[in-house]
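*Asks:* Input file: protein.txt. Contents: compact mmCIF, C-alpha atoms.
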# COMPACT_ATOMS: atom_id res chain seq x y z
CA MET H 1 17.52 -14.53 18.54
CA ILE H 2 15.77 -12.76 15.67
CA ALA H 3 15.63 -8.99 15.99
CA SER H 4 12.21 -7.42 15.62
CA PRO H 5 11.74 -4.94 12.77
CA PRO H 6 12.30 -1.29 13.72
CA PHE H 7 8.74 -0.27 12.78
CA ALA H 8 5.79 -2.20 14.22
CA LEU H 9 3.34 -2.61 11.34
CA VAL H 10 0.19 -4.68 10.82
CA ARG H 11 1.36 -7.66 8.75
CA THR H 12 -1.47 -10.19 9.08
CA PRO H 13 -5.13 -10.17 7.96
CA VAL H 14 -7.35 -7.58 9.62
CA ARG H 15 -10.84 -8.56 10.68
CA THR H 16 -12.32 -5.74 12.73
CA ALA H 17 -12.71 -1.99 12.31
CA ALA H 18 -10.26 -1.51 15.21
CA GLU H 19 -7.64 -3.66 13.45
CA ARG H 20 -8.15 -1.72 10.20
CA ARG H 21 -7.67 1.57 12.08
CA GLN H 22 -4.54 0.15 13.73
CA TRP H 23 -3.07 -0.45 10.26
CA THR H 24 -3.24 3.30 9.50
CA LEU H 25 -2.03 4.30 12.98
CA CYS H 26 1.10 2.16 12.63
CA TYR H 27 2.14 4.09 9.52
CA GLN H 28 1.23 7.42 11.14
CA ARG H 29 3.49 6.60 14.12
CA VAL H 30 6.40 6.30 11.69
CA VAL H 31 6.24 10.01 10.82
CA GLY H 32 4.99 11.18 14.22
CA SER H 33 2.11 13.39 15.23
CA ALA H 34 3.56 16.54 13.64
CA ARG H 35 3.26 14.94 10.17
CA SER H 36 0.03 12.96 10.55
CA GLU H 37 -3.67 13.89 10.52
CA ILE H 38 -2.83 17.27 8.99
CA ARG H 39 -5.74 19.58 8.26
CA MET H 40 -5.70 20.77 4.67
CA HIS H 41 -7.54 23.60 2.94
CA GLY H 42 -9.09 25.31 5.93
CA GLY H 43 -9.79 22.09 7.79
CA SER H 44 -12.23 20.60 5.30
CA ARG H 45 -9.91 17.63 4.57
CA ARG H 46 -7.31 15.76 6.57
CA LEU H 47 -4.15 14.22 5.23
CA ASP H 48 -3.21 10.88 6.81
CA ALA H 49 0.57 11.43 6.69
CA LEU H 50 3.19 13.67 5.14
CA ALA H 51 6.39 11.98 3.98
CA CYS H 52 9.77 13.63 4.51
CA ASP H 53 9.95 14.73 0.86
CA GLY H 54 6.50 16.36 0.98
CA THR H 55 4.59 13.46 -0.58
CA LYS H 56 1.03 13.40 0.75
CA CYS H 57 0.12 9.85 1.86
CA GLU H 58 -3.47 8.63 2.09
CA PHE H 59 -3.92 5.22 3.76
CA GLN H 60 -7.10 3.36 2.85
CA GLN H 61 -8.18 0.20 4.66
CA ALA H 62 -11.37 -0.43 2.68
CA LYS H 63 -12.99 0.36 -0.62
CA GLU H 64 -13.50 4.06 -1.15
CA SER H 65 -16.00 5.48 -3.57
CA VAL H 66 -14.55 6.86 -6.78
CA PRO H 67 -16.10 10.34 -6.18
CA ASN H 68 -14.60 10.46 -2.66
CA THR H 69 -11.22 9.41 -4.04
CA HIS H 70 -11.34 12.16 -6.67
CA GLY H 71 -12.42 14.64 -3.99
CA LYS H 72 -9.33 13.84 -1.95
CA GLU H 73 -7.12 14.12 -5.02
CA LEU H 74 -8.57 17.55 -5.83
CA ALA H 75 -8.16 18.72 -2.23
CA HIS H 76 -4.51 17.68 -2.07
CA ALA H 77 -3.76 19.05 -5.58
CA SER H 78 -0.53 17.19 -6.36
CA GLY H 79 2.05 14.90 -4.82
CA LEU H 80 -0.50 12.37 -3.57
CA MET H 81 0.30 8.72 -2.89
CA TRP H 82 -2.40 6.15 -2.14
CA ILE H 83 -1.55 3.17 0.08
CA PHE H 84 -4.30 0.54 0.15
CA CYS H 85 -4.48 -2.29 2.69
CA VAL H 86 -5.01 -5.45 0.64
CA ILE H 87 -3.56 -7.79 3.25
CA ASN H 88 -6.77 -9.84 3.42
CA GLN H 89 -7.10 -10.13 -0.36
CA HIS H 90 -3.49 -11.29 -0.72
CA ALA H 91 -3.73 -13.75 2.20
CA ARG H 92 -6.91 -15.30 0.66
CA GLY H 93 -5.18 -15.70 -2.69
CA ASP H 94 -7.42 -13.19 -4.48
CA LEU H 95 -4.39 -11.03 -5.27
CA LEU H 96 -1.35 -12.94 -6.51
CA VAL H 97 2.03 -11.71 -7.70
CA THR H 98 4.46 -13.50 -9.99
CA SER H 99 8.02 -12.44 -10.54
CA ARG H 100 9.27 -11.48 -13.93
CA GLN H 101 12.69 -10.38 -12.76
CA GLY H 102 13.80 -9.18 -9.36
CA ALA H 103 11.49 -6.47 -8.06
CA ARG H 104 9.39 -6.22 -11.26
CA VAL H 105 6.24 -8.29 -10.97
CA THR H 106 3.00 -8.95 -12.70
CA TYR H 107 -0.12 -9.44 -10.65
CA GLU H 108 -3.62 -10.80 -10.97
CA TRP H 109 -6.45 -9.70 -8.71
CA ARG H 110 -9.85 -11.38 -8.55
CA LYS H 111 -12.63 -9.00 -7.47
CA PRO H 112 -10.37 -5.92 -7.57
CA TRP H 113 -11.22 -2.56 -6.09
CA GLN H 114 -12.15 -0.63 -9.23
CA LEU H 115 -11.26 2.72 -7.70
CA ILE H 116 -7.56 1.83 -7.88
CA GLY H 117 -7.71 2.28 -11.64
CA SER H 118 -9.27 5.71 -11.06
CA CYS H 119 -6.50 7.06 -8.81
CA ASN H 120 -4.32 9.75 -10.35
CA GLY H 121 -1.54 9.63 -7.76
CA ARG H 122 0.97 6.89 -7.10
CA VAL H 123 -0.67 3.70 -5.81
CA LEU H 124 0.86 1.14 -3.46
CA LEU H 125 -0.85 -2.02 -2.24
CA ASP H 126 0.19 -3.25 1.22
CA LEU H 127 0.28 -7.04 0.89
CA GLY H 128 1.28 -7.59 4.51
CA HIS H 129 3.57 -10.51 5.26
CA SER H 130 3.42 -12.34 1.97
CA GLU H 131 3.83 -16.11 2.15
CA GLN H 132 4.45 -15.91 -1.57
CA VAL H 133 7.36 -13.47 -1.24
CA GLY H 134 8.54 -14.26 2.30
CA ASP H 135 8.50 -10.68 3.64
CA HIS H 136 6.19 -7.76 4.37
CA VAL H 137 6.04 -5.95 1.04
CA LEU H 138 4.11 -3.27 -0.78
CA LEU H 139 3.37 -3.41 -4.50
CA GLU H 140 3.72 -0.08 -6.30
CA ILE H 141 1.35 -0.27 -9.25
CA ASP H 142 2.48 1.15 -12.58
CA HIS H 143 -0.13 -0.57 -14.75
CA PHE H 144 -3.70 -1.57 -13.80
CA GLU H 145 -6.15 -3.08 -16.26
CA SER H 146 -9.54 -4.36 -15.15
CA ARG H 147 -11.86 -6.56 -17.13
CA GLN H 148 -14.72 -8.91 -16.21
CA GLY H 149 -14.06 -8.97 -12.46
CA ARG H 150 -10.29 -9.41 -12.76
CA ALA H 151 -7.43 -6.94 -12.76
CA THR H 152 -3.98 -7.55 -14.12
CA GLY H 153 -0.96 -5.33 -14.33
CA THR H 154 2.63 -4.68 -13.41
CA GLY H 155 4.45 -3.02 -10.58
CA VAL H 156 7.49 -2.92 -8.35
CA LEU H 157 7.78 -4.55 -4.93
CA ARG H 158 8.89 -2.34 -2.01
CA ASP H 159 10.02 -3.55 1.42
CA ALA H 160 7.59 -2.26 4.08
CA GLN H 161 10.37 -1.30 6.50
CA GLU H 162 12.26 0.59 3.76
CA PHE H 163 9.01 2.36 2.87
CA CYS H 164 8.82 3.55 6.51
CA TYR H 165 12.40 4.88 6.39
CA TRP H 166 11.52 6.68 3.15
CA MET H 167 8.44 8.27 4.76
CA ARG H 168 10.24 9.27 7.96
CA ASP H 169 13.74 10.23 6.76
CA GLY H 170 13.65 10.46 2.98
CA SER H 171 15.86 7.40 2.52
CA PRO H 172 15.86 6.06 -1.05
CA LEU H 173 12.85 3.84 -1.74
CA LEU H 174 14.63 0.98 -3.43
CA PRO H 175 12.96 -1.96 -5.14
CA TYR H 176 12.65 -5.21 -3.20
CA ASN H 177 14.41 -7.94 -5.15
CA TRP H 178 12.40 -11.10 -4.86
CA ALA H 179 13.56 -14.54 -5.87
CA PRO H 180 10.42 -16.71 -6.03
CA ARG H 181 10.42 -19.73 -3.75
CA ARG H 182 10.80 -23.02 -5.53
CA ALA H 183 8.18 -25.70 -5.15
CA ALA H 184 9.26 -28.39 -2.69
What's the structure tokens form of this structure?
*Replies:*
Amino acid sequence: MIASPPFALVRTPVRTAAERRQWTLCYQRVVGSARSEIRMHGGSRRLDALACDGTKCEFQQAKESVPNTHGKELAHASGLMWIFCVINQHARGDLLVTSRQGARVTYEWRKPWQLIGSCNGRVLLDLGHSEQVGDHVLLEIDHFESRQGRATGTGVLRDAQEFCYWMRDGSPLLPYNWAPRRAA
């Protein structure tokens, strides 16, 4: 019998607005109601979740406008982390990762969300359960370059369950070491 993961997260493509909202709610349940939907700056902005170490986490299920993204960054001042749901894009093959060594990867994204290159905080892409990797992983972007409808860059894979422990308890957020599957 396979044990279920400790944190119930959305791992498969999302099709409806309710499913997209569920994706955010799953991560908010990890930290609990005391550290989610926090009113900031006199109630004019809300923070999606506050990690144990004080990192401010914004979960985005769809494309945001660049001005709205910058508005959130200004409102939260510093310590902001963006987590974007790109489960659909990865499942369709529009966003692909290739291993260079262990957790370090390069990626290519057809029709990327341009606002990701405009974010000033840390950026993670939730890939969901990746058939390519074999687990539910997030890609922490450290380089994003967009040109002619394609983005390329580098980043580090993070295990989704370990990310939840980091948010809730402050456990170390270690890289996910991925050995690419061999062609059959």
*Asks:* Can you pull out every residue within 9 Å of H:Asp53, counting all atoms listed in the file, but drop anything in the same chain fewer than 5 positions away, and send it as a CSV table (one decimal) with C-alpha atoms, keeping the file's coordinate frame?
*Replies:*
chain,number,residue,atom,x,y,z
H,166,TRP,CA,11.5,6.7,3.2
H,167,MET,CA,8.4,8.3,4.8
H,168,ARG,CA,10.2,9.3,8.0
H,169,ASP,CA,13.7,10.2,6.8
H,170,GLY,CA,13.6,10.5,3.0
*Asks:* Find the residues near stretch 124-138 of chain H: any atom within 7 Å, counting only C-alpha atoms, skip ones fewer than 2 places away on the same chain, and give them as number ranges by chain.
*Replies:* H: 11-12, 82-87, 90, 122, 140-141, 157-160, 178, 180
*Asks:* For H:Arg100, which residue among H:Val156, H:Cys119, H:Ala34, H:Ala62 is the nearest when counting all atoms listed in the file?
*Replies:*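 Result for the nearest residue to H:Arg100: H:Val156.
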*Asks:* How far is it from atom CA of H:Leu9 to atom CA of H:Gly32, in Å with one decimal?
*Replies:* 14.2 Å
*Asks:* Kindly indicate which residue among H:Pro5, H:Arg150, H:Phe144, H:Asn88 lies nearest to H:Arg110, using all atoms listed in the file for the distances.
*Replies:*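 Among H:Pro5, H:Arg150, H:Phe144, H:Asn88, it is H:Arg150 that comes nearest to H:Arg110.
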